[in-house]
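Below is protein.cif, holding mmCIF, C-alpha atoms.
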data_upload
loop_
_atom_site.label_atom_id
_atom_site.label_comp_id
_atom_site.auth_asym_id
_atom_site.auth_seq_id
_atom_site.Cartn_x
_atom_site.Cartn_y
_atom_site.Cartn_z
CA MET A 1 145.00 113.04 91.81
CA TRP A 2 148.41 112.66 93.39
CA ASP A 3 151.69 112.49 91.46
CA ARG A 4 154.63 110.28 92.47
CA ASN A 5 156.00 112.80 94.96
CA GLN A 6 152.61 113.44 96.54
CA MET A 7 152.10 109.67 96.92
CA ALA A 8 155.51 109.43 98.57
CA ALA A 9 154.70 112.36 100.85
CA ARG A 10 151.41 110.70 101.84
CA ALA A 11 153.22 107.44 102.53
CA ALA A 12 155.72 109.27 104.73
CA GLU A 13 152.80 110.32 106.99
CA GLU A 14 152.36 106.62 107.82
CA LEU A 15 155.75 106.45 109.54
CA GLU A 16 156.03 107.04 113.27
CA ASP A 17 158.89 108.58 115.20
CA GLY A 18 161.48 105.98 116.17
CA TRP A 19 160.52 103.43 113.53
CA TYR A 20 162.95 101.22 111.61
CA VAL A 21 161.65 101.06 108.03
CA ASN A 22 162.47 99.31 104.77
CA LEU A 23 161.70 101.17 101.54
CA GLY A 24 161.31 99.35 98.23
CA ILE A 25 162.51 100.45 94.81
CA GLY A 26 160.69 103.16 92.80
CA ILE A 27 158.18 105.53 94.44
CA PRO A 28 158.86 104.02 97.91
CA THR A 29 162.46 105.27 97.66
CA LEU A 30 161.11 108.84 97.40
CA VAL A 31 159.42 108.47 100.81
CA ALA A 32 162.78 109.19 102.45
CA ASN A 33 162.54 112.78 101.14
CA TYR A 34 159.39 113.46 103.16
CA VAL A 35 159.99 112.09 106.68
CA GLY A 36 160.68 115.60 108.00
CA ASP A 37 161.65 115.79 111.68
CA LYS A 38 160.63 112.23 112.47
CA ASP A 39 163.42 109.97 113.70
CA ILE A 40 163.26 107.22 111.07
CA THR A 41 166.05 104.68 110.52
CA LEU A 42 166.09 103.14 107.05
CA GLN A 43 167.09 99.52 106.62
CA SER A 44 168.69 98.26 103.43
CA GLU A 45 168.27 94.49 103.35
CA ASN A 46 171.72 93.87 101.90
CA GLY A 47 173.01 94.59 105.39
CA MET A 48 172.67 98.13 106.69
CA LEU A 49 170.65 100.15 109.19
CA GLY A 50 170.85 103.92 108.94
CA MET A 51 171.00 104.41 105.18
CA GLY A 52 172.06 107.88 104.08
CA PRO A 53 171.46 109.79 100.82
CA PHE A 54 173.22 109.19 97.50
CA PRO A 55 176.89 110.31 97.53
CA PHE A 56 178.24 113.39 95.82
CA GLU A 57 180.10 112.68 92.62
CA GLY A 58 183.57 111.37 93.42
CA ASP A 59 182.50 109.99 96.81
CA GLU A 60 180.98 106.74 95.48
CA ASP A 61 182.21 103.64 97.32
CA PRO A 62 181.81 100.23 95.64
CA ASP A 63 181.53 98.66 99.11
CA LEU A 64 178.53 100.82 100.01
CA ILE A 65 175.34 100.16 98.08
CA ASN A 66 171.63 99.80 98.78
CA ALA A 67 169.37 96.87 97.93
CA GLY A 68 168.80 98.40 94.48
CA LYS A 69 172.60 98.20 93.98
CA GLN A 70 172.85 102.00 93.92
CA THR A 71 175.76 103.77 95.59
CA ILE A 72 174.70 105.39 98.88
CA THR A 73 176.27 106.90 102.01
CA GLU A 74 176.33 106.09 105.71
CA LEU A 75 175.16 108.18 108.67
CA ASN A 76 176.61 108.53 112.17
CA ARG A 77 174.05 105.96 113.40
CA THR A 78 174.81 103.40 110.66
CA ALA A 79 175.35 99.74 111.52
CA TYR A 80 176.40 97.00 109.08
CA PHE A 81 175.64 93.28 109.35
CA ASP A 82 175.45 90.21 107.15
CA SER A 83 172.47 89.04 105.07
CA ALA A 84 171.43 86.32 107.54
CA GLN A 85 171.19 88.85 110.37
CA SER A 86 169.51 91.35 108.07
CA PHE A 87 166.71 88.95 107.28
CA GLY A 88 166.71 87.79 110.87
CA MET A 89 165.58 91.28 111.91
CA ILE A 90 163.06 91.34 109.04
CA ARG A 91 161.64 87.86 109.73
CA GLY A 92 161.80 88.51 113.46
CA GLY A 93 159.40 91.46 113.21
CA LYS A 94 161.92 94.12 114.26
CA ILE A 95 161.28 96.28 111.20
CA ALA A 96 158.15 98.35 111.91
CA ALA A 97 157.08 98.81 108.31
CA ALA A 98 157.93 98.15 104.69
CA ILE A 99 156.75 100.44 101.90
CA LEU A 100 156.68 98.56 98.61
CA GLY A 101 155.51 98.89 95.04
CA ALA A 102 153.10 96.33 93.55
CA MET A 103 151.66 94.99 90.32
CA GLU A 104 148.42 93.80 91.98
CA VAL A 105 146.83 93.84 95.44
CA ASP A 106 143.55 92.13 96.23
CA GLU A 107 140.79 92.63 98.79
CA LYS A 108 142.23 89.94 101.07
CA GLY A 109 145.56 91.71 101.21
CA ASP A 110 147.31 89.32 98.84
CA LEU A 111 150.21 90.99 97.06
CA ALA A 112 151.78 90.26 93.66
CA ASN A 113 154.90 92.20 92.76
CA TRP A 114 157.60 89.81 91.55
CA MET A 115 156.65 87.84 88.48
CA ILE A 116 154.62 88.00 85.27
CA PRO A 117 154.28 84.51 83.75
CA GLY A 118 155.68 84.38 80.22
CA LYS A 119 157.75 87.50 80.79
CA LEU A 120 161.32 87.77 81.95
CA VAL A 121 161.54 86.46 85.52
CA LYS A 122 164.09 88.35 87.55
CA GLY A 123 163.36 86.95 91.00
CA MET A 124 161.68 88.00 94.21
CA GLY A 125 164.79 89.31 95.94
CA GLY A 126 163.84 90.11 99.53
CA ALA A 127 160.18 90.99 98.86
CA MET A 128 158.69 87.70 100.14
CA ASP A 129 160.71 87.91 103.36
CA LEU A 130 159.74 91.53 103.92
CA VAL A 131 155.99 91.07 103.49
CA ALA A 132 156.03 87.95 105.68
CA GLY A 133 158.07 89.53 108.46
CA VAL A 134 157.66 93.27 108.99
CA GLY A 135 155.09 94.84 111.28
CA ARG A 136 153.13 96.77 108.66
CA VAL A 137 153.10 96.43 104.86
CA ILE A 138 152.18 99.60 102.98
CA VAL A 139 151.84 99.40 99.21
CA VAL A 140 152.38 102.50 97.09
CA MET A 141 151.36 102.16 93.44
CA ASP A 142 149.25 103.62 90.65
CA HIS A 143 145.60 102.73 91.04
CA THR A 144 145.33 101.38 87.48
CA ASN A 145 147.74 99.84 84.99
CA LYS A 146 148.71 101.38 81.67
CA HIS A 147 145.59 99.87 80.05
CA GLY A 148 143.41 101.63 82.64
CA ASP A 149 142.53 98.40 84.48
CA SER A 150 142.29 98.40 88.26
CA LYS A 151 145.32 97.05 90.15
CA LEU A 152 143.14 96.65 93.26
CA LEU A 153 141.45 93.35 92.50
CA LYS A 154 138.98 90.89 93.98
CA GLU A 155 141.67 88.27 93.55
CA CYS A 156 145.26 88.60 92.34
CA THR A 157 145.89 86.99 88.94
CA LEU A 158 149.71 87.04 89.10
CA PRO A 159 151.89 84.71 91.24
CA LEU A 160 151.80 85.96 94.82
CA THR A 161 154.58 87.54 96.83
CA GLY A 162 152.58 87.01 100.00
CA LYS A 163 149.11 86.01 101.14
CA ALA A 164 147.05 88.36 103.31
CA VAL A 165 150.06 90.57 103.99
CA VAL A 166 149.05 94.10 102.90
CA ASP A 167 147.75 96.52 105.54
CA ARG A 168 147.33 99.78 103.61
CA ILE A 169 147.40 100.84 99.95
CA ILE A 170 148.32 104.35 98.81
CA THR A 171 147.60 105.10 95.15
CA ASN A 172 147.40 108.19 92.97
CA LEU A 173 143.66 108.21 93.72
CA GLY A 174 143.63 107.74 97.48
CA VAL A 175 144.31 105.60 100.54
CA LEU A 176 142.60 102.27 101.30
CA ASP A 177 142.93 99.77 104.15
CA VAL A 178 142.58 96.01 103.90
CA VAL A 179 139.82 95.08 106.37
CA GLU A 180 137.44 92.20 106.99
CA GLY A 181 135.41 91.68 103.79
CA GLY A 182 137.35 93.97 101.47
CA LEU A 183 138.98 97.38 101.19
CA LYS A 184 137.95 100.43 103.18
CA ILE A 185 138.48 103.94 101.82
CA VAL A 186 140.56 105.98 104.24
CA GLU A 187 140.83 109.12 102.11
CA CYS A 188 140.59 110.32 98.54
CA ALA A 189 143.45 112.12 96.79
CA ASP A 190 143.13 115.83 96.05
CA GLY A 191 140.42 116.40 93.45
CA VAL A 192 139.29 112.75 93.44
CA SER A 193 135.72 111.93 94.53
CA GLU A 194 134.76 108.79 96.39
CA ASP A 195 132.68 107.74 93.36
CA GLU A 196 135.72 108.07 91.09
CA LEU A 197 137.80 106.03 93.51
CA ARG A 198 135.12 103.31 93.67
CA ALA A 199 134.76 103.27 89.87
CA ALA A 200 138.50 102.71 89.44
CA THR A 201 138.55 99.85 91.96
CA GLU A 202 137.64 96.23 91.13
CA ALA A 203 138.02 95.02 94.71
CA THR A 204 135.03 95.05 97.05
CA ILE A 205 134.86 98.30 98.97
CA VAL A 206 133.22 98.01 102.36
CA MET B 207 198.62 75.17 109.62
CA LYS B 208 199.48 77.68 106.98
CA LYS B 209 196.39 79.18 105.36
CA ILE B 210 197.95 81.75 103.05
CA TYR B 211 198.33 80.86 99.36
CA PRO B 212 200.15 82.85 96.67
CA ASN B 213 197.20 83.26 94.28
CA ALA B 214 193.65 82.15 93.50
CA ALA B 215 194.67 79.18 91.32
CA ALA B 216 196.95 77.83 94.05
CA ALA B 217 194.30 78.32 96.71
CA LEU B 218 191.76 76.31 94.68
CA ASP B 219 194.22 73.56 93.75
CA GLY B 220 192.79 70.14 94.63
CA LEU B 221 189.41 71.56 95.64
CA LEU B 222 187.64 71.79 92.27
CA ARG B 223 185.74 68.97 90.59
CA ASP B 224 183.03 68.82 87.95
CA GLY B 225 179.47 68.84 89.32
CA MET B 226 180.36 70.35 92.67
CA PHE B 227 178.21 72.68 94.80
CA ILE B 228 179.70 76.09 95.56
CA ALA B 229 178.34 78.77 97.90
CA ALA B 230 179.49 82.25 96.89
CA GLY B 231 179.30 85.52 98.82
CA GLY B 232 178.36 88.91 97.42
CA PHE B 233 175.30 91.02 96.68
CA GLY B 234 175.06 92.26 93.11
CA LEU B 235 178.70 93.02 92.26
CA CYS B 236 179.43 94.18 95.83
CA GLY B 237 181.73 91.95 97.85
CA ILE B 238 181.95 89.17 95.27
CA PRO B 239 184.94 86.78 95.20
CA GLU B 240 186.02 88.07 91.80
CA LEU B 241 189.55 86.59 91.84
CA LEU B 242 188.36 83.09 92.80
CA LEU B 243 185.57 83.17 90.18
CA SER B 244 188.15 84.11 87.57
CA ALA B 245 190.37 81.21 88.67
CA ILE B 246 187.44 78.77 88.44
CA LYS B 247 186.89 79.99 84.90
CA ASP B 248 190.55 79.33 84.08
CA ALA B 249 190.35 75.88 85.71
CA GLY B 250 187.44 74.99 83.41
CA THR B 251 185.49 73.12 86.11
CA LYS B 252 182.08 72.17 84.69
CA ASP B 253 178.47 71.45 85.74
CA LEU B 254 178.72 73.69 88.78
CA THR B 255 175.82 74.47 91.09
CA PHE B 256 176.07 77.88 92.72
CA ALA B 257 174.20 79.16 95.75
CA SER B 258 174.65 82.89 95.25
CA ASN B 259 172.17 85.73 95.72
CA ASN B 260 172.83 87.01 92.20
CA ALA B 261 174.48 85.80 89.00
CA GLY B 262 176.70 88.79 88.29
CA VAL B 263 176.52 90.67 85.00
CA ASP B 264 177.49 89.35 81.57
CA ASP B 265 181.22 90.02 81.94
CA PHE B 266 181.78 90.12 85.70
CA GLY B 267 181.09 87.91 88.68
CA ILE B 268 179.41 84.56 88.07
CA GLY B 269 178.50 85.92 84.63
CA ILE B 270 181.98 84.98 83.35
CA LEU B 271 181.27 81.31 84.18
CA LEU B 272 177.94 81.47 82.37
CA GLN B 273 179.73 82.64 79.21
CA THR B 274 181.91 79.52 79.34
CA ARG B 275 178.91 77.26 80.16
CA GLN B 276 180.49 76.06 83.40
CA VAL B 277 177.31 76.54 85.45
CA LYS B 278 174.57 73.90 85.54
CA LYS B 279 172.34 75.40 88.22
CA MET B 280 171.87 78.63 90.14
CA ILE B 281 170.17 79.00 93.53
CA SER B 282 169.50 82.75 93.72
CA SER B 283 166.96 85.37 94.76
CA TYR B 284 167.45 87.84 91.90
CA VAL B 285 169.08 87.43 88.51
CA GLY B 286 167.73 90.44 86.64
CA GLU B 287 171.02 92.03 85.60
CA ASN B 288 172.35 89.28 83.39
CA ALA B 289 171.25 88.88 79.75
CA GLU B 290 173.31 85.73 79.09
CA PHE B 291 171.78 84.14 82.18
CA MET B 292 168.29 84.79 80.82
CA ARG B 293 169.19 83.41 77.41
CA GLN B 294 170.54 80.16 78.88
CA TYR B 295 167.64 79.86 81.31
CA LEU B 296 164.95 80.42 78.70
CA SER B 297 166.61 77.93 76.33
CA GLY B 298 166.73 75.30 79.09
CA GLU B 299 170.53 75.13 79.30
CA LEU B 300 170.59 76.41 82.86
CA GLU B 301 168.59 75.30 85.91
CA LEU B 302 167.34 77.98 88.26
CA GLU B 303 165.98 77.66 91.78
CA PHE B 304 164.59 80.91 93.14
CA ASN B 305 164.91 81.35 96.88
CA PRO B 306 163.60 84.38 98.76
CA GLN B 307 166.67 86.36 99.75
CA GLY B 308 166.31 85.86 103.49
CA THR B 309 165.56 82.18 103.04
CA LEU B 310 168.75 81.79 100.98
CA ALA B 311 170.81 83.59 103.62
CA GLU B 312 169.31 81.50 106.42
CA ARG B 313 169.77 78.28 104.44
CA MET B 314 173.49 79.08 104.28
CA ARG B 315 173.73 80.17 107.91
CA SER B 316 171.83 77.19 109.24
CA GLY B 317 173.74 74.71 107.07
CA GLY B 318 176.94 76.17 108.50
CA CYS B 319 175.52 75.72 111.99
CA GLY B 320 174.64 72.05 111.45
CA ILE B 321 170.91 72.74 111.18
CA PRO B 322 169.46 70.77 108.26
CA GLY B 323 166.06 72.47 108.21
CA PHE B 324 164.10 75.36 109.67
CA TYR B 325 160.58 76.77 109.50
CA THR B 326 159.80 80.19 108.05
CA LYS B 327 156.71 82.22 107.20
CA THR B 328 158.44 83.56 104.09
CA GLY B 329 156.74 82.27 100.94
CA VAL B 330 153.69 80.69 102.59
CA GLY B 331 150.82 80.82 100.09
CA THR B 332 153.17 81.37 97.13
CA VAL B 333 154.81 79.07 94.56
CA ILE B 334 157.82 78.90 96.88
CA ALA B 335 155.75 76.80 99.30
CA ASP B 336 154.74 74.20 96.69
CA GLY B 337 155.78 70.72 97.78
CA LYS B 338 157.27 71.87 101.08
CA GLU B 339 156.25 70.68 104.52
CA HIS B 340 153.73 73.05 106.18
CA LYS B 341 153.39 73.26 109.93
CA ASP B 342 151.43 75.50 112.31
CA PHE B 343 153.04 77.07 115.37
CA PRO B 344 151.23 79.08 118.09
CA THR B 345 153.10 82.29 117.33
CA GLY B 346 150.09 84.53 116.57
CA GLU B 347 148.22 86.82 118.90
CA ASN B 348 147.17 84.96 122.08
CA GLY B 349 148.81 81.81 120.78
CA ALA B 350 146.82 81.69 117.54
CA PRO B 351 148.32 79.27 115.02
CA GLU B 352 150.38 80.59 112.14
CA THR B 353 151.54 78.53 109.18
CA TYR B 354 155.21 78.03 108.36
CA ILE B 355 157.07 76.08 105.67
CA MET B 356 160.21 74.05 106.12
CA GLU B 357 163.36 75.05 104.25
CA ASN B 358 166.60 73.07 104.13
CA GLY B 359 170.02 74.19 105.27
CA ILE B 360 172.68 74.40 102.56
CA PHE B 361 175.70 72.13 102.86
CA ALA B 362 178.07 73.13 100.05
CA ASP B 363 181.28 71.45 98.91
CA LEU B 364 183.13 74.74 98.70
CA SER B 365 182.66 78.32 99.91
CA ILE B 366 184.24 81.21 98.03
CA VAL B 367 184.03 84.61 99.69
CA LYS B 368 185.52 88.08 99.68
CA ALA B 369 186.56 89.98 102.81
CA TRP B 370 188.37 93.24 103.37
CA LYS B 371 191.11 92.05 105.71
CA ALA B 372 192.28 88.76 107.10
CA ASP B 373 194.95 87.98 109.62
CA GLU B 374 197.25 85.01 109.02
CA THR B 375 194.94 82.70 110.99
CA GLY B 376 191.93 83.60 108.84
CA ASN B 377 190.08 85.94 111.17
CA LEU B 378 188.08 88.18 108.83
CA VAL B 379 186.92 91.77 108.75
CA PHE B 380 184.47 92.93 106.10
CA ARG B 381 183.84 96.47 104.93
CA LYS B 382 180.44 98.23 104.86
CA THR B 383 177.76 96.51 102.75
CA ALA B 384 180.35 94.26 101.09
CA ARG B 385 179.78 91.92 104.06
CA ASN B 386 176.30 90.82 102.83
CA PHE B 387 176.20 87.09 102.02
CA ASN B 388 179.91 86.47 102.68
CA PRO B 389 179.73 85.28 106.31
CA PRO B 390 176.82 82.84 105.80
CA ALA B 391 178.34 81.62 102.51
CA ALA B 392 181.69 81.08 104.27
CA MET B 393 180.04 79.02 106.99
CA CYS B 394 178.15 76.52 104.84
CA GLY B 395 180.96 74.94 102.78
CA LYS B 396 183.16 71.98 103.68
CA THR B 397 186.14 74.09 102.64
CA CYS B 398 186.20 77.88 102.58
CA VAL B 399 188.55 79.92 100.42
CA VAL B 400 188.70 83.66 101.06
CA GLU B 401 190.12 86.48 98.97
CA VAL B 402 190.99 89.70 100.74
CA GLU B 403 192.38 93.12 99.93
CA GLU B 404 194.94 92.88 102.70
CA ILE B 405 196.45 90.17 104.89
CA VAL B 406 197.61 91.70 108.16
CA PRO B 407 199.91 90.15 110.77
CA THR B 408 198.22 87.95 113.36
CA GLY B 409 197.59 90.06 116.43
CA SER B 410 196.96 93.30 114.60
CA LEU B 411 193.17 92.91 114.41
CA ASP B 412 191.15 93.84 117.49
CA PRO B 413 189.72 90.49 118.68
CA ASP B 414 186.45 92.25 119.56
CA SER B 415 186.08 93.56 116.01
CA ILE B 416 186.41 90.34 114.05
CA HIS B 417 183.32 89.67 111.94
CA LEU B 418 184.02 86.03 111.12
CA PRO B 419 186.44 83.90 113.18
CA GLY B 420 189.19 82.04 111.35
CA ILE B 421 187.72 78.65 112.27
CA TYR B 422 185.54 79.00 109.17
CA VAL B 423 188.45 79.90 106.88
CA HIS B 424 190.79 77.33 105.34
CA ARG B 425 192.67 79.15 102.60
CA ILE B 426 193.37 82.85 102.06
CA ILE B 427 194.70 84.89 99.18
CA GLN B 428 195.41 88.58 98.86
CA GLY B 429 194.94 90.39 95.57
CA ASP B 430 193.90 93.48 93.67
CA HIS B 431 190.16 93.84 93.20
CA GLU B 432 188.32 95.68 90.46
CA LYS B 433 185.27 96.23 92.74
CA ARG B 434 182.99 97.30 89.91
CA ILE B 435 180.00 99.57 90.68
CA GLU B 436 176.72 98.33 89.21
CA GLN B 437 174.52 101.44 89.63
CA ARG B 438 176.57 104.58 90.10
CA THR B 439 174.08 107.00 91.65
CA VAL B 440 175.00 110.49 92.89
CA ARG B 441 173.23 113.62 94.12
CA GLU B 442 173.84 117.19 93.02
CA LYS B 443 175.92 119.43 95.26
CA ALA B 444 173.59 122.06 96.73
#

For this file, write the structure as structure tokens.
Amino acid sequence: MWDRNQMAARAAEELEDGWYVNLGIGIPTLVANYVGDKDITLQSENGMLGMGPFPFEGDEDPDLINAGKQTITELNRTAYFDSAQSFGMIRGGKIAAAILGAMEVDEKGDLANWMIPGKLVKGMGGAMDLVAGVGRVIVVMDHTNKHGDSKLLKECTLPLTGKAVVDRIITNLGVLDVVEGGLKIVECADGVSEDELRAATEATIV
Amino acid sequence: MKKIYPNAAAALDGLLRDGMFIAAGGFGLCGIPELLLSAIKDAGTKDLTFASNNAGVDDFGIGILLQTRQVKKMISSYVGENAEFMRQYLSGELELEFNPQGTLAERMRSGGCGIPGFYTKTGVGTVIADGKEHKDFPTGENGAPETYIMENGIFADLSIVKAWKADETGNLVFRKTARNFNPPAAMCGKTCVVEVEEIVPTGSLDPDSIHLPGIYVHRIIQGDHEKRIEQRTVREKA
């Protein structure tokens, strides 16, 4: 079974040299630590390409934050732009991939990650634009919820962020692709058997 | 025409009325028109509708107008940082229209460009698409049809934005990620009031480096900004 950092490291393998990539909040943020020598430019949808690491204490700049509202730094390649242009490049398919967290994914690639009815609704932010616009949507999440129920479903039960948008799912138990007819196992995490992966998955595995 | 005003109250004089529609720049607490929001609070204008990506926090940004019950409706993409907002929303005192972030930005931009509607893939198949016009375009592989929904441009009564520098004619320069929603918000209002950290003499900005031309800007004030940080995050020195 993979831990958060191993999931992030596995997700980083998905990224190709030269790609412009948007990373979501949570485990996806950790992916930046594992890109190695690949030339990856990170987009922050509040208006920045070429996002650098967090600042050292004392160097925080209130005018320089990421989409999670955290203080960050710029790089020598950084470019700034407004929100309309930022989502223009997202909607226009210029961002090669987005790596996002999720509450549920189903076998048709539907994604739910913004709202639980009856609970506090915070909003979708840029998630709906990202999944509708970027080249490849990679979900990184735990395979089951805290009750032990599968988060890879036959059909999402929560309000959708996007319909048929997910390409690949990386969980603590393995890697699965959304294909015709269901999910296809790409690999199992260290120490996880294919039977265990199947048993933890509600979605049809083809 | 002189665009420079002595303070936020003077710059808003004659522009505020109950029930009006205001587009505000900013992302989180970054690049928000904090001085103009404070002046709207002091003016006591009521039943306001705001198009703004966020609603501030309880005691800063649009949050200060929620405390005084001056806001009737918010059009936003994310409001998670504001407890008073949630209380008013859940009790039915406040209307909320969620827009995907890019749709909100494009609604402002297109409204400012005289475009009353546009089609987007964002939100197709979700609750956002409910009741909206759907239309297929041959944008898929080999001309395969893909479904889009129509969204409306925003035409606001007033724009309030924050920039870093302005010259005396209203040409604006923003700083880093504080640009965010400010240019599209500035474009979509009938009147645009801008607060800046510094007004510089006309001619001192490089014409090739202006982010928003002064044609969009009607009134300017200079002032001191708190520029609060919402999530101070640092790394350890190695």

Interface, chain A side, toward chain B (6 Å; all atoms listed in the file) as an mmCIF file with C-alpha atoms, in the frame of the given file:
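Ended up saving to iface34.cif:
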data_model
loop_
_atom_site.group_PDB
_atom_site.id
_atom_site.type_symbol
_atom_site.label_atom_id
_atom_site.label_comp_id
_atom_site.auth_asym_id
_atom_site.auth_seq_id
_atom_site.Cartn_x
_atom_site.Cartn_y
_atom_site.Cartn_z
ATOM 1 C CA ASN A 46 171.720 93.870 101.900
ATOM 2 C CA GLY A 47 173.010 94.590 105.390
ATOM 3 C CA PHE A 54 173.220 109.190 97.500
ATOM 4 C CA PRO A 55 176.890 110.310 97.530
ATOM 5 C CA PHE A 56 178.240 113.390 95.820
ATOM 6 C CA GLU A 57 180.100 112.680 92.620
ATOM 7 C CA PRO A 62 181.810 100.230 95.640
ATOM 8 C CA ASP A 63 181.530 98.660 99.110
ATOM 9 C CA LEU A 64 178.530 100.820 100.010
ATOM 10 C CA LYS A 69 172.600 98.200 93.980
ATOM 11 C CA GLN A 70 172.850 102.000 93.920
ATOM 12 C CA THR A 71 175.760 103.770 95.590
ATOM 13 C CA TYR A 80 176.400 97.000 109.080
ATOM 14 C CA ASP A 82 175.450 90.210 107.150
ATOM 15 C CA SER A 83 172.470 89.040 105.070
ATOM 16 C CA ALA A 84 171.430 86.320 107.540
ATOM 17 C CA PHE A 87 166.710 88.950 107.280
ATOM 18 C CA LYS A 122 164.090 88.350 87.550
ATOM 19 C CA GLY A 123 163.360 86.950 91.000
ATOM 20 C CA MET A 124 161.680 88.000 94.210
ATOM 21 C CA GLY A 125 164.790 89.310 95.940
ATOM 22 C CA GLY A 126 163.840 90.110 99.530
ATOM 23 C CA MET A 128 158.690 87.700 100.140
ATOM 24 C CA ASP A 129 160.710 87.910 103.360
ATOM 25 C CA ALA A 132 156.030 87.950 105.680
ATOM 26 C CA LEU A 160 151.800 85.960 94.820
ATOM 27 C CA LYS A 163 149.110 86.010 101.140
#

Pick out the residues sitting within 9 Å of Val399 (chain B), and hand them over as a list in words; count all atoms listed in the file, and ignore anything fewer than 3 positions along from it in its own chain.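 Within the cut-off, the hits are Ala214, Ala217, Leu218, Leu242, Leu364, Ser365, Ile366, Val367, Lys368, Ala392, Val423, His424, Arg425, Ile426 and Ile427 of chain B.
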
Compare A:Val35, A:Met51, A:Met141, A:Ala97 by their minimum atom-to-atom distance to Arg77 (chain A), counting all atoms listed in the file, and give me the closest one.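 That would be A:Met51, the residue with the smallest distance to Arg77 (chain A).
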
Given the choices B:Glu299, B:Glu403, B:Asp412, B:Asp430, which gets closest to Gln273 (chain B) if the distance is worked out from all atoms listed in the file?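 Smallest distance to Gln273 (chain B) is found for B:Glu299.
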
Atomic separation - CA of Lys184 (chain A) relative to CA of Asn5 (chain A), Å: 23.4 Å

For this file, the PyMOL selection byres ((chain A and resi 13-18) around 6) selects which residues, as a PDB file with C-alpha atoms, in the coordinates of the input?
ATOM      1  CA  ARG A  10     151.410 110.700 101.840  1.00  0.00           C
ATOM      2  CA  ALA A  11     153.220 107.440 102.530  1.00  0.00           C
ATOM      3  CA  ALA A  12     155.720 109.270 104.730  1.00  0.00           C
ATOM      4  CA  TRP A  19     160.520 103.430 113.530  1.00  0.00           C
ATOM      5  CA  LYS A  38     160.630 112.230 112.470  1.00  0.00           C
ATOM      6  CA  ASP A  39     163.420 109.970 113.700  1.00  0.00           C
ATOM      7  CA  ILE A  40     163.260 107.220 111.070  1.00  0.00           C
TER       8      ILE A  40
END

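Here CA of Glu196 (chain A) is placed at a distance of 26.0 Å from CA of Val165 (chain A).
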
For Asn22 (chain A), please output as a PDB file with C-alpha atoms, keeping the file's coordinate frame all residues within 9 Å (counting all atoms listed in the file; exclusion window: fewer than 5 positions along the same chain).
ATOM      1  CA  THR A  41     166.050 104.680 110.520  1.00  0.00           C
ATOM      2  CA  LEU A  42     166.090 103.140 107.050  1.00  0.00           C
ATOM      3  CA  GLN A  43     167.090  99.520 106.620  1.00  0.00           C
ATOM      4  CA  SER A  44     168.690  98.260 103.430  1.00  0.00           C
ATOM      5  CA  GLU A  45     168.270  94.490 103.350  1.00  0.00           C
ATOM      6  CA  ILE A  95     161.280  96.280 111.200  1.00  0.00           C
ATOM      7  CA  ALA A  96     158.150  98.350 111.910  1.00  0.00           C
ATOM      8  CA  ALA A  97     157.080  98.810 108.310  1.00  0.00           C
ATOM      9  CA  ALA A  98     157.930  98.150 104.690  1.00  0.00           C
ATOM     10  CA  ILE A  99     156.750 100.440 101.900  1.00  0.00           C
ATOM     11  CA  LEU A 100     156.680  98.560  98.610  1.00  0.00           C
ATOM     12  CA  LEU A 130     159.740  91.530 103.920  1.00  0.00           C
ATOM     13  CA  VAL A 134     157.660  93.270 108.990  1.00  0.00           C
TER      14      VAL A 134
END

Residues within 7 Å of region 142-155 of chain A, only C-alpha atoms, excluding chain neighbours under 5 positions, as a ChimeraX atom specification: /A:103-107,171-173,200-204

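This file gives the following result for the PyMOL selection byres ((chain B and resi 264) around 8): Gly262, Val263, Asp265, Phe266, Gly269, Ile270, Leu272, Gln273, Asn288, Ala289, Glu290 and Phe291 of chain B.
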
What does the distance from CA of Thr157 (chain A) to CA of Val178 (chain A) come to in Å, to one decimal? 17.8 Å

Taking into account all atoms listed in the file, which residue in the set B:Pro239, B:Pro344, B:Gly376, B:Gly323 is nearest to Glu357 (chain B)? B:Gly323

May I ask which of the residues A:Cys156, A:Ala8, A:Val131, A:Ile65 is the closest one to Asp110 (chain A), counting all atoms listed in the file?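 Distance minimum relative to Asp110 (chain A) lands on A:Cys156.
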
For the file shown, report as a ChimeraX atom specification the outcome of the PyMOL selection byres ((chain B and resi 415) around 12) at residue level. /B:371-372,377-381,410-414,416-419

Written file, previous selection with C-alpha atoms, as a PDB file, keeping the file's coordinate frame:
ATOM      1  CA  LYS B 371     191.110  92.050 105.710  1.00  0.00           C
ATOM      2  CA  ALA B 372     192.280  88.760 107.100  1.00  0.00           C
ATOM      3  CA  ASN B 377     190.080  85.940 111.170  1.00  0.00           C
ATOM      4  CA  LEU B 378     188.080  88.180 108.830  1.00  0.00           C
ATOM      5  CA  VAL B 379     186.920  91.770 108.750  1.00  0.00           C
ATOM      6  CA  PHE B 380     184.470  92.930 106.100  1.00  0.00           C
ATOM      7  CA  ARG B 381     183.840  96.470 104.930  1.00  0.00           C
ATOM      8  CA  SER B 410     196.960  93.300 114.600  1.00  0.00           C
ATOM      9  CA  LEU B 411     193.170  92.910 114.410  1.00  0.00           C
ATOM     10  CA  ASP B 412     191.150  93.840 117.490  1.00  0.00           C
ATOM     11  CA  PRO B 413     189.720  90.490 118.680  1.00  0.00           C
ATOM     12  CA  ASP B 414     186.450  92.250 119.560  1.00  0.00           C
ATOM     13  CA  ILE B 416     186.410  90.340 114.050  1.00  0.00           C
ATOM     14  CA  HIS B 417     183.320  89.670 111.940  1.00  0.00           C
ATOM     15  CA  LEU B 418     184.020  86.030 111.120  1.00  0.00           C
ATOM     16  CA  PRO B 419     186.440  83.900 113.180  1.00  0.00           C
TER      17      PRO B 419
END
